[in-house]
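Take a look at the structure below.
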Amino acid sequence: MRGFNAIVQLFMPKDKVFYSLFEEVADGVAGMGELLKKVVREPDYDKRTVLIARVEEQEHINDEFTHRIFTELGRNFITPFDREDIHYLASALDDICDYIHAAAKKINFYKVDPNDPGIQKMADLIEQSARQIQGAVKALRNMRDMRTITDALVRVTHIENQADDIFDMSIDRLFETEPDAKEVIKKRDIYQVMEIVTDKCEDASNVIESIIIKYA
């Protein structure tokens, strides 16, 4: 199927290629958010390892699509929106994937039990935010549906604010209830990386907002 998509892109107007590539990346972002949610709900270490491998695989696929966006940017004069915005959006989406991958890896690297209220709630918020980014990116192809985009961007901001609150409460709970200093360090690091994912989603949201302000 991927080969067929590549053939289709050869005959596609060059400015439309960017939409297709961004949509592929956005699907990957959403897929990685969903996988991370599965990772934190899987109690078995070995089964989590399999899921984390899938997260890593998707991250590599998204790296390839991001590279293709930059390649197309270098060879095409016609783009659907500013070249600078294409670069910013591709980089912002890539950052989301990188940090989701990092969060998933740290859970098994630290051998932390993810059955933790903070980790589970953060994973829920990451999955929700990734879905909103996916919807907003896909709506860029047809900017007449501005309500879909703006609603998604508002939700991303709301989710990021929730993540900040969850992070603060989780740190407070951690210091109050966890007697093992090593566990405190490990979980705090995981909380931080997961919170950064929602920050990166908001960064992508801000780029999309800049695009629609210019072109709506």
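Here's how to read the names in the structure tokens: chain A, B, ... by the order shown, residue numbers from 1 in each chain, ligand numbers from 1 in the order shown.
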At most 9 Å is the cut-off: for each residue in stretch 26-66 of chain A with any atom that close to an atom of stretch 118-121 of chain A, write down the nearest atom pair and the distance in Å rounded to one decimal, counting only C-alpha atoms, chain first then increasing number, as JSON lines.
```
{"residue": "A:Lys37", "atom": "CA", "partner": "A:Gln120", "partner_atom": "CA", "distance": 7.4}
{"residue": "A:Val40", "atom": "CA", "partner": "A:Gln120", "partner_atom": "CA", "distance": 6.2}
{"residue": "A:Arg41", "atom": "CA", "partner": "A:Gln120", "partner_atom": "CA", "distance": 7.4}
```
So that I have them on file, write out the residues from the current selection with N, CA and C atoms, as a tab-separated table (two decimals), in the first residue's frame.
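Resulting contents of selection.tsv:
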```tsv
chain	number	residue	atom	x	y	z
A	37	LYS	N	-0.43	4.55	25.22
A	37	LYS	CA	-1.52	4.25	26.16
A	37	LYS	C	-1.59	2.76	26.45
A	40	VAL	N	1.41	1.66	28.88
A	40	VAL	CA	1.28	1.93	30.32
A	40	VAL	C	0.19	1.08	30.97
A	41	ARG	N	-0.63	0.44	30.16
A	41	ARG	CA	-1.68	-0.43	30.71
A	41	ARG	C	-1.34	-1.91	30.61
```
Can you list, as a PyMOL selection string, every protein, DNA or RNA residue that comes within 8 Å of A:Tyr99 when you count only C-alpha atoms, leaving out same-chain residues fewer than 5 positions away?
chain A and resi 193-194+196-197
Nearest to A:Gln128, restricted to only C-alpha atoms and choosing among A:Ile100, A:Ile86, A:Ile159, A:Val25, comes out as A:Ile159
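Interatomic distance, atom CA of A:Thr198 against atom CA of A:Gln58: 18.5 Å.
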One decimal, Å: what's the distance from atom CA of A:Ser20 over to atom CA of A:Ile126, could you say?
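Between these atoms lies a distance of 23.4 Å.
Atom CA of A:Asn108 is positioned 24.9 Å from atom CA of A:Asp27.
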Can you list, as a count of residues only, every protein, DNA or RNA residue that comes within 12 Å of A:Glu178 when you count only C-alpha atoms, leaving out same-chain residues fewer than 6 positions away?
9
Find the residues near A:Glu64: any atom within 12 Å, counting only C-alpha atoms, skip ones fewer than 4 places away on the same chain, and give them as a list in words.
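Those residues are Leu21, Phe22, Glu24, Val25, Gly28, Glu57, Gln58, Glu59, His60, Arg68, Ile69, Phe70, Thr71, Ala90 and Asp94 of chain A.
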Quick one: residues within 8 Å of A:Cys97, only C-alpha atoms counted, chain neighbours fewer than 5 positions away excluded, as an MDAnalysis selection string?
chainID A and resid 29 32 59 62
Rank nothing, just name the residue among A:Gly31, A:Gln192, A:Thr150, A:Asp164 nearest to A:Ile213, using only C-alpha atoms.
A:Thr150
Any idea what's packed within 12 Å of A:Asn161, counting only C-alpha atoms, ignoring anything in its chain fewer than 5 positions away? Could you give it as a PDB file with N, CA and C atoms, in the first residue's frame?
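Result file is result-v1.pdb:
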```pdb
ATOM      1  N   MET A 122      -1.326  10.757  32.326  1.00  0.00           N
ATOM      2  CA  MET A 122      -0.537  11.478  31.319  1.00  0.00           C
ATOM      3  C   MET A 122      -0.626  10.783  29.965  1.00  0.00           C
ATOM      4  N   LEU A 125      -3.842  11.695  28.315  1.00  0.00           N
ATOM      5  CA  LEU A 125      -3.817  13.053  27.767  1.00  0.00           C
ATOM      6  C   LEU A 125      -2.963  13.124  26.495  1.00  0.00           C
ATOM      7  N   ILE A 126      -1.866  12.391  26.477  1.00  0.00           N
ATOM      8  CA  ILE A 126      -1.021  12.356  25.278  1.00  0.00           C
ATOM      9  C   ILE A 126      -1.799  11.783  24.104  1.00  0.00           C
ATOM     10  N   SER A 129      -4.322  14.374  22.928  1.00  0.00           N
ATOM     11  CA  SER A 129      -3.695  15.501  22.246  1.00  0.00           C
ATOM     12  C   SER A 129      -3.195  15.091  20.864  1.00  0.00           C
ATOM     13  N   VAL A 154      -7.853  24.420  20.268  1.00  0.00           N
ATOM     14  CA  VAL A 154      -8.303  24.797  21.611  1.00  0.00           C
ATOM     15  C   VAL A 154      -8.203  23.603  22.556  1.00  0.00           C
ATOM     16  N   ARG A 155      -8.588  22.425  22.060  1.00  0.00           N
ATOM     17  CA  ARG A 155      -8.515  21.220  22.891  1.00  0.00           C
ATOM     18  C   ARG A 155      -7.079  20.879  23.243  1.00  0.00           C
ATOM     19  N   VAL A 156      -6.168  21.060  22.306  1.00  0.00           N
ATOM     20  CA  VAL A 156      -4.753  20.779  22.580  1.00  0.00           C
ATOM     21  C   VAL A 156      -4.245  21.671  23.720  1.00  0.00           C
ATOM     22  N   ILE A 166      -1.612  17.652  36.227  1.00  0.00           N
ATOM     23  CA  ILE A 166      -1.344  16.249  36.562  1.00  0.00           C
ATOM     24  C   ILE A 166       0.119  16.062  36.948  1.00  0.00           C
ATOM     25  N   PHE A 167       1.010  16.712  36.227  1.00  0.00           N
ATOM     26  CA  PHE A 167       2.434  16.634  36.543  1.00  0.00           C
ATOM     27  C   PHE A 167       2.698  17.133  37.960  1.00  0.00           C
ATOM     28  N   ASP A 168       2.172  18.302  38.285  1.00  0.00           N
ATOM     29  CA  ASP A 168       2.391  18.873  39.624  1.00  0.00           C
ATOM     30  C   ASP A 168       1.833  17.962  40.712  1.00  0.00           C
ATOM     31  N   GLU A 195       5.140  14.914  30.122  1.00  0.00           N
ATOM     32  CA  GLU A 195       4.609  16.280  30.102  1.00  0.00           C
ATOM     33  C   GLU A 195       5.155  17.064  28.918  1.00  0.00           C
ATOM     34  N   ILE A 196       6.415  16.792  28.562  1.00  0.00           N
ATOM     35  CA  ILE A 196       7.016  17.456  27.403  1.00  0.00           C
ATOM     36  C   ILE A 196       6.274  17.078  26.117  1.00  0.00           C
ATOM     37  N   THR A 198       3.113  16.709  25.713  1.00  0.00           N
ATOM     38  CA  THR A 198       1.963  17.620  25.567  1.00  0.00           C
ATOM     39  C   THR A 198       2.417  19.030  25.227  1.00  0.00           C
ATOM     40  N   ASP A 199       3.602  19.430  25.711  1.00  0.00           N
ATOM     41  CA  ASP A 199       4.161  20.729  25.315  1.00  0.00           C
ATOM     42  C   ASP A 199       4.443  20.742  23.811  1.00  0.00           C
ATOM     43  N   CYS A 201       3.001  18.937  21.541  1.00  0.00           N
ATOM     44  CA  CYS A 201       1.718  18.996  20.830  1.00  0.00           C
ATOM     45  C   CYS A 201       1.232  20.437  20.746  1.00  0.00           C
ATOM     46  N   GLU A 202       1.405  21.179  21.833  1.00  0.00           N
ATOM     47  CA  GLU A 202       0.996  22.586  21.807  1.00  0.00           C
ATOM     48  C   GLU A 202       1.877  23.386  20.844  1.00  0.00           C
TER      49      GLU A 202
END
```
Using only C-alpha atoms, find the one residue out of A:Asp113, A:Glu42, A:Asp203, A:Asp63 that sits nearest to A:Ile133.
A:Asp203
Nearest to A:Val112, chosen from A:Phe77, A:Tyr191, A:Phe65, A:Tyr88, with only C-alpha atoms counted in the distances:
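The closest residue to A:Val112 is A:Tyr191.
Minimum distance to A:Ile61 across A:Asp82, A:Asp44, A:Asp98, A:Asp124 (counting only C-alpha atoms) occurs at A:Asp98.
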Give me every alpha helix (DSSP H) residue in stretch 29-175 of chain A, going by DSSP on the backbone, as a ChimeraX atom specification.
/A:29-40,45-75,83-109,117-139,146-175
